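J.: Below you'll find the structure I mean.
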Amino acid sequence: MQLERTIIVDVRYDWQYQPAPSSTEIQALSQELAVSPLVATLLLERGINSADAWDRFAHPDMAALHDPFALHDMQKAIDRIQQAVAENQKITIYGDYDVDGLTSATIMLEALQSVGAEPDVYIPNRFTDGYGPNAEVYRYLQKSGTQLVITVDNGIAGAEVIDEAMANGMDVIVTDHHELPQILPQAVAVVHPRYPGSDYPFGDLSGAGVAFKVATALLGEVPIESVDLAALGAVADLVSLTDENRILVQLGLQLIHQQPRLGISALLEVADVKPEAVNETTIGFVIGPRLNALGRLGDAGEGVDLLTTFDETEAEVLAKKINTINEERQKLVQQITIEALAMAQSPDRANDQTLLLAHEGWHEGVLGIVASRIVETTGKPTVVMRIEGDQAKGSGRSVPAYHLFNSVDAVRDLTTHFGGHHMAIGLTAPVANLDAIHAAMEKAAVISLAETPKPPLTIAGRLEQQDLTLANYEALRALAPFGSGNPQPVFELKPKAISDVRTMGKDGSHLRFKTDGISVVGFGFGAAQAEMTAATQMKLAVLLEENVWQGRTSLQLRLKDVKVPSVPIKDLRLPKPSGEQFRASSTYLFFNEKKMQQLTHQYTFGGPTQLVSQQQAPVENAVLVDLPTDEASLKQALNVTTWPIGVIFSSTPAELVGMPTRTEFGQVLRFLQQQPHFDKHHLPQIATATHLAVSQVILIIQVFFELNFVTIDGAFISPVENPAKQALESASAYSNRQAFLNLAHQLQTLPTRELLHYLQTLEGLEG
């Protein structure tokens with residue numbers, strides 16, 4: 001049967017199923033590594049197929065980090081820093097206001113202090129300074145005596161400002177990881193993992209990762225005390241958690257577990273999270289948003305103060321302040337998201353493949369988060385901007401198939417300020433140019449989004465009910481930390497039933513329900529409550545998580561996506577056949593030719609009648625009239641029909657006469673023993689003598705003949721003397737009849753929802 005692709009709850013992603021390794025490979029790796037088959041499957045999907053590869057993946061080793069001097073201009077950078085330290089020159093670290101920028105600045109600060117320098121740290125203000133090098137700020141720094149500026153997590157797109165500073169006698173070292181523009185700054189050194197012509201083996205370091213490499217080169221050893229900061233920067237900036245980044249995050253998490261710095265400890269305390277429980281999700285959803293909130297709503301410089309303080313009281317005060325600011329940020333995000341989403345879903349934007357949403361009064365500090373929410377809801381790359389006067393300023397977020405930076409970089413001359421990477425950008429532009437910028441985004445979408453209207457979601461495999469255990473969750477954590485390049489595995493789950501579907505959150509935007517007794521949370525799925533409550537069959541894309549409540553830990557599933565096929569079944573079943581069942585304009589399919597002749601003679605049908613066995617091409621609007629002889633016949637019917645279908649499953653009482661009991665089998669055998677060479681044409685005599693239906697007697701004779709309890713010679717039935725003992729159930733005639741009766745009972749008595757689920761399970765829909 002071809003599943004109709006109408007969806008009640010519209011899927012957010014294009015589900016892409018990971019090719020499954022062979023069972024032989026899974027078993028071999030499972031035994032070699034002493035891990036479960038589930039973990040072995042996931043490792044093979046990640047290219048880990050040996051004990052050595054697993055050891056490198058699971059156990060971080062600082063020795064595996066690459067030589068920092070392999071980075072472009074690293075030697076030049078170290079030489080200039082050492083000169084500044086030796087000559088007691090004034091050094092200013094120029095950072096950024098997000099988590100990666102704050103941690104980068106802190107790493108660089110701690111490294112310089114370790115070699116005897118006393119640098120200043122300048123964290124730009126998002127609203128007055130903007131992103132990256134600001135000419136006025138650079139001039140101020142030079143007038144204030146700064147002789148060397150070291151940028152962290154920015155600078156690569158600031159050629160004009162940096163070149164001016166260099167020309168005026170203030171040296172600049174750029175350390176950055178963002179997308180490379182066509183014109184690069186002429187700085188003393190540009191340390192960038194993807195600098196043109198360089199051959200650094202890993203190009204996806206975060207800003208904090210680049211700063212960590214500079215610190216390593218400067219100190220002559222790995223600054224293990226700063227690895228927690230490198231971990232925060234990598235996770236928060238969504239860089240690939242592979243290669244060096246995986247090592248840094250693994251070791252950084254270990255440091256937070258064992259000996260968290262005061263600022264991080266205080267931040268975790270206000271968030272009610274224990275240090276030993278911190279993982280990459282904690283960084284992404286607890287620590288990161290709070291540190292980012294500083295720069296979104298005010299001065300981010302206090303983030304560096306928090307990360308560097310050795311004063312418990314100061315750490316506590318700063319953490320509480322940051323937590324309050326984050327709560328304010330959450331309210332702003334909710335308010336602006338509602339307004340922006342209304343614009344995004346307006347009829348005049350229905351055919352747009354990308355979105356550029358601009359409005360007066362929106363708080364520019366949260367526009368990147370709002371853009372992410374719009375992308376998540378609509379699947380469209382989105383730029384959200386605040387209009388102030390004749391200028392607009394904001395942020396954009398994208399989907400994997402669409403390179404947002406390149407799409408806007410093509411019209412960079414229409415912007416006042418612009419920077420970012422594949423998945424995220426920041427820009428300022430005249431309001432008059434917004435339509436042209438959006439037109440460039442749409443032009444790029446014609447190619448890149450032509451065949452990928454929804455972002456891909458890799459499905460690592462399918463889970464059954466028995467797989468939903470806390471032990472399996474804990475086993476999967478061996479693959480962590482998860483993130484870009486090493487995604488947390490998403491599994492397909494076909495729940496037998498869901499219950500207790502209810503919304504969560506002040507605005508009811510989230511969902512909670514249970515599937516087969518396991519709690520599921522779905523952030524952003526609140527609007528689907530009614531459809532999911534009514535659905536008879538669905539597929540869930542889920543992540544395995546743990547939930548700790550009142551000291552108890554249990555398995556929890558997080559909903560990533562849901563498919564609820566709209567496949568209604570027309571339930572036309574009645575206790576007895578009625579002309580009302582056959583009046584619709586449908587194609588009526590029969591399993592039994594005699595049944596078809598009988599009913600077509602008795603009733604007037606509103607459409608053609610046809611035998612299932614003679615139907616080849618799939619037929620729409622079909623009705624299954626009588627009972628199939630077995631599941632194979634029913635499956636054949638499902639293969640030649642298209643949803644939705646009607647079901648009648650009509651039968652006569654004679655067709656459903658029950659199975660004879662073992663006692664009744666014995667009565668028939670004794671009758672035959674008393675009357676050897678019994679003429680089979682007189683079977684009604686046996687039926688009368690044993691109080692059975694003739695059809696039951698026929699079945700019993702068939703079973704006896706198959707088990708060699710009787711012989712049949714022409715018309716005569718004779719019992720076999722001393723036959724070998726055999727179970728009645730071992731006869732195919734017995735088992736087939738029992739299977740038919742069971743099938744008939746299901747088809748005629750199951751409630752509509754359960755019948756639909758049974759039919760789709762029998763069919764093995766993969767929709």
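By convention here, the chains of the structure tokens are called A, B, ... in the order presented, each chain's residues are numbered starting at 1, and ligands are numbered starting at 1 in the order presented.
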Within 8 Å of Leu205 of chain A, counting only C-alpha atoms, which residues show up once you throw out same-chain ones fewer than 3 positions away? Write them as an MDAnalysis selection string, please.

T.: chainID A and resid 177 193 202 208:210 234 239:240 244:245

J.: What would the file look like if the residues just selected were written as a PDB file, in the first residue's frame with C-alpha atoms?

T.:
ATOM      1  CA  HIS A 177      38.416  31.600  13.338  1.00  0.00           C
ATOM      2  CA  PRO A 193      43.343  27.834  11.318  1.00  0.00           C
ATOM      3  CA  PHE A 202      42.284  21.118  11.819  1.00  0.00           C
ATOM      4  CA  ALA A 208      38.772  30.134  22.333  1.00  0.00           C
ATOM      5  CA  GLY A 209      40.523  27.220  20.654  1.00  0.00           C
ATOM      6  CA  VAL A 210      42.773  29.582  18.664  1.00  0.00           C
ATOM      7  CA  ALA A 234      33.884  25.375  21.551  1.00  0.00           C
ATOM      8  CA  VAL A 239      32.109  24.319  16.152  1.00  0.00           C
ATOM      9  CA  SER A 240      32.788  20.722  15.199  1.00  0.00           C
ATOM     10  CA  GLU A 244      41.276  18.884  18.827  1.00  0.00           C
ATOM     11  CA  ASN A 245      37.945  20.322  19.888  1.00  0.00           C
TER      12      ASN A 245
END

J.: Which residues of segment 694-738 of chain A come within 12 Å of segment 627-636 of chain A, and what is each one's closest atom pair and distance in Å (one decimal), counting only C-alpha atoms, sorted by chain and residue number, as CSV?

T.:
residue,atom,partner,partner_atom,distance
A:Ser735,CA,A:Asp630,CA,11.1
A:Asn736,CA,A:Asp630,CA,7.9
A:Arg737,CA,A:Thr629,CA,9.0
A:Gln738,CA,A:Asp630,CA,10.2

J.: With segment 95-98 of chain A as the partner and 12 Å as the cut-off, tabulate the residues of segment 323-397 of chain A that qualify, each row holding the nearest pair of atoms and their distance in Å to one decimal, using only C-alpha atoms, sorted by chain and rising number, as a tab-separated table.

T.:
residue	atom	partner	partner_atom	distance
A:Gly365	CA	A:Tyr97	CA	10.4
A:Val366	CA	A:Asp98	CA	11.7
A:Gly368	CA	A:Asp98	CA	11.4

J.: Residues at most 9 Å from segment 212-225 of chain A, counting only C-alpha atoms, excluding those fewer than 5 positions away in the same chain, as an NGL selection string?

T.: :A and (62 or 66-69 or 71 or 74-75 or 77-79 or 81-82 or 104 or 107-108 or 110-112 or 114-115 or 175 or 191 or 207 or 230 or 251-252 or 255)

J.: Write the residues of the selection above to a file with C-alpha atoms, as a PDB file, in the first residue's frame.

T.:
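Saved file result-v4.pdb follows:
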ATOM      1  CA  MET A  62      46.849  16.259  25.209  1.00  0.00           C
ATOM      2  CA  HIS A  66      48.534  19.601  16.954  1.00  0.00           C
ATOM      3  CA  ASP A  67      51.675  21.717  17.032  1.00  0.00           C
ATOM      4  CA  PRO A  68      50.511  25.295  17.651  1.00  0.00           C
ATOM      5  CA  PHE A  69      53.358  26.627  15.513  1.00  0.00           C
ATOM      6  CA  LEU A  71      49.168  27.754  12.625  1.00  0.00           C
ATOM      7  CA  MET A  74      52.153  31.796  15.064  1.00  0.00           C
ATOM      8  CA  GLN A  75      55.895  32.379  15.376  1.00  0.00           C
ATOM      9  CA  ALA A  77      52.719  36.416  16.969  1.00  0.00           C
ATOM     10  CA  ILE A  78      54.794  34.879  19.762  1.00  0.00           C
ATOM     11  CA  ASP A  79      57.858  36.943  18.841  1.00  0.00           C
ATOM     12  CA  ILE A  81      54.160  39.241  22.275  1.00  0.00           C
ATOM     13  CA  GLN A  82      57.474  38.356  23.856  1.00  0.00           C
ATOM     14  CA  SER A 104      39.024  33.670  24.347  1.00  0.00           C
ATOM     15  CA  ILE A 107      42.477  32.480  28.063  1.00  0.00           C
ATOM     16  CA  MET A 108      44.691  35.120  26.479  1.00  0.00           C
ATOM     17  CA  GLU A 110      45.702  34.290  31.849  1.00  0.00           C
ATOM     18  CA  ALA A 111      48.489  33.300  29.438  1.00  0.00           C
ATOM     19  CA  LEU A 112      49.904  36.834  29.266  1.00  0.00           C
ATOM     20  CA  SER A 114      51.667  33.911  33.311  1.00  0.00           C
ATOM     21  CA  VAL A 115      54.593  35.393  31.353  1.00  0.00           C
ATOM     22  CA  THR A 175      43.634  35.587  16.337  1.00  0.00           C
ATOM     23  CA  VAL A 191      46.663  33.429  13.421  1.00  0.00           C
ATOM     24  CA  GLY A 207      37.964  31.532  18.900  1.00  0.00           C
ATOM     25  CA  ALA A 230      38.346  26.360  25.678  1.00  0.00           C
ATOM     26  CA  LEU A 251      39.290  17.579  29.329  1.00  0.00           C
ATOM     27  CA  GLY A 252      37.480  20.850  30.008  1.00  0.00           C
ATOM     28  CA  LEU A 255      38.206  20.053  35.010  1.00  0.00           C
TER      29      LEU A 255
END

J.: Could you check how far atom CA of Trp54 of chain A sits from atom CA of Trp15 of chain A, in Å to one decimal?

T.: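 So the answer is 27.6 Å.
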
J.: Show which residues sit within 7 Å of segment 424-428 of chain A, as a ChimeraX atom specification. Count only C-alpha atoms, and ignore same-chain residues fewer than 4 positions away.

T.: /A:392-398,404-405,415-420

J.: Those residues with C-alpha atoms, as a CSV table (one decimal), in the first residue's frame please?

T.:
chain,number,residue,atom,x,y,z
A,392,ALA,CA,18.9,48.4,10.4
A,393,LYS,CA,21.0,46.1,12.6
A,394,GLY,CA,20.6,42.5,13.4
A,395,SER,CA,21.6,38.8,13.1
A,396,GLY,CA,20.9,35.9,10.8
A,397,ARG,CA,20.8,32.1,11.3
A,398,SER,CA,20.7,29.5,8.6
A,404,LEU,CA,24.2,32.4,4.7
A,405,PHE,CA,27.5,34.2,4.9
A,415,THR,CA,26.0,46.7,4.2
A,416,THR,CA,27.6,49.0,6.6
A,417,HIS,CA,29.1,46.3,8.7
A,418,PHE,CA,29.0,42.5,8.0
A,419,GLY,CA,30.6,39.3,9.3
A,420,GLY,CA,29.9,35.8,10.3

J.: Hey, can you check how far atom CA of Glu87 of chain A sits from atom CA of Thr146 of chain A?

T.: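 Answer for the atom CA of Glu87 of chain A to atom CA of Thr146 of chain A separation: 12.9 Å.
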
J.: Just the residues within 12 Å of Leu557 of chain A, please, counting only C-alpha atoms, with nothing from its chain fewer than 6 positions along; format it as number ranges by chain.

T.: A: 463, 468-470, 473, 489-493, 511-523, 540-547

J.: How would the residues just picked look written out with N, CA and C atoms as a CSV table (one decimal), in the first residue's frame?

T.:
chain,number,residue,atom,x,y,z
A,463,LEU,N,14.6,2.4,17.4
A,463,LEU,CA,14.6,1.8,18.8
A,463,LEU,C,13.2,1.1,19.0
A,468,LEU,N,14.5,1.2,25.4
A,468,LEU,CA,14.4,2.4,26.2
A,468,LEU,C,14.7,2.2,27.6
A,469,THR,N,16.0,2.2,27.9
A,469,THR,CA,16.5,2.0,29.3
A,469,THR,C,17.5,3.0,29.7
A,470,LEU,N,17.6,3.3,31.0
A,470,LEU,CA,18.6,4.2,31.5
A,470,LEU,C,20.0,3.6,31.2
A,473,TYR,N,21.0,4.7,27.8
A,473,TYR,CA,21.4,6.1,27.8
A,473,TYR,C,22.8,6.3,28.3
A,489,PRO,N,23.0,11.0,18.9
A,489,PRO,CA,22.2,10.2,18.0
A,489,PRO,C,20.7,10.4,18.2
A,490,VAL,N,20.1,10.5,17.1
A,490,VAL,CA,18.6,10.7,17.0
A,490,VAL,C,18.0,9.3,16.5
A,491,PHE,N,17.0,8.8,17.2
A,491,PHE,CA,16.5,7.5,16.9
A,491,PHE,C,15.0,7.7,16.5
A,492,GLU,N,14.6,6.8,15.6
A,492,GLU,CA,13.2,6.7,15.3
A,492,GLU,C,12.5,5.7,16.2
A,493,LEU,N,11.3,6.1,16.7
A,493,LEU,CA,10.6,5.3,17.6
A,493,LEU,C,9.1,5.2,17.1
A,511,LEU,N,5.5,20.7,24.8
A,511,LEU,CA,4.6,19.5,24.9
A,511,LEU,C,5.3,18.5,25.8
A,512,ARG,N,4.4,17.8,26.6
A,512,ARG,CA,4.9,16.6,27.4
A,512,ARG,C,3.9,15.5,27.2
A,513,PHE,N,4.4,14.3,27.1
A,513,PHE,CA,3.5,13.2,27.0
A,513,PHE,C,4.2,11.9,27.3
A,514,LYS,N,3.6,10.8,27.4
A,514,LYS,CA,4.2,9.5,27.7
A,514,LYS,C,4.0,8.6,26.5
A,515,THR,N,5.1,7.8,26.2
A,515,THR,CA,5.0,6.8,25.2
A,515,THR,C,5.4,5.5,25.8
A,516,ASP,N,4.5,4.5,25.9
A,516,ASP,CA,4.8,3.2,26.5
A,516,ASP,C,5.5,3.4,27.9
A,517,GLY,N,5.0,4.4,28.6
A,517,GLY,CA,5.4,4.6,30.0
A,517,GLY,C,6.6,5.5,30.1
A,518,ILE,N,7.2,5.9,29.0
A,518,ILE,CA,8.4,6.8,29.1
A,518,ILE,C,8.0,8.2,28.9
A,519,SER,N,8.5,9.1,29.7
A,519,SER,CA,8.2,10.5,29.5
A,519,SER,C,8.9,11.1,28.4
A,520,VAL,N,8.2,12.0,27.6
A,520,VAL,CA,8.8,12.6,26.4
A,520,VAL,C,8.5,14.1,26.5
A,521,VAL,N,9.5,15.0,26.2
A,521,VAL,CA,9.3,16.4,26.2
A,521,VAL,C,9.6,16.9,24.8
A,522,GLY,N,8.7,17.8,24.3
A,522,GLY,CA,8.9,18.3,23.0
A,522,GLY,C,8.9,19.8,23.0
A,523,PHE,N,10.0,20.5,23.0
A,523,PHE,CA,10.1,21.9,23.0
A,523,PHE,C,9.6,22.5,21.7
A,540,LEU,N,8.2,9.0,16.0
A,540,LEU,CA,8.9,10.0,16.7
A,540,LEU,C,10.4,10.0,16.4
A,541,ALA,N,11.0,11.1,16.3
A,541,ALA,CA,12.5,11.2,16.2
A,541,ALA,C,12.9,11.7,17.6
A,542,VAL,N,13.6,11.0,18.3
A,542,VAL,CA,13.9,11.3,19.8
A,542,VAL,C,15.4,11.2,20.1
A,543,LEU,N,15.7,11.9,21.1
A,543,LEU,CA,17.0,11.8,21.8
A,543,LEU,C,16.8,11.1,23.2
A,544,LEU,N,17.8,10.3,23.6
A,544,LEU,CA,17.7,9.7,24.9
A,544,LEU,C,18.4,10.7,25.9
A,545,GLU,N,17.7,11.0,27.0
A,545,GLU,CA,18.2,11.9,28.0
A,545,GLU,C,17.9,11.3,29.4
A,546,GLU,N,18.5,11.9,30.4
A,546,GLU,CA,18.1,11.5,31.8
A,546,GLU,C,17.4,12.6,32.4
A,547,ASN,N,16.5,12.3,33.3
A,547,ASN,CA,15.7,13.3,34.1
A,547,ASN,C,16.0,13.0,35.6
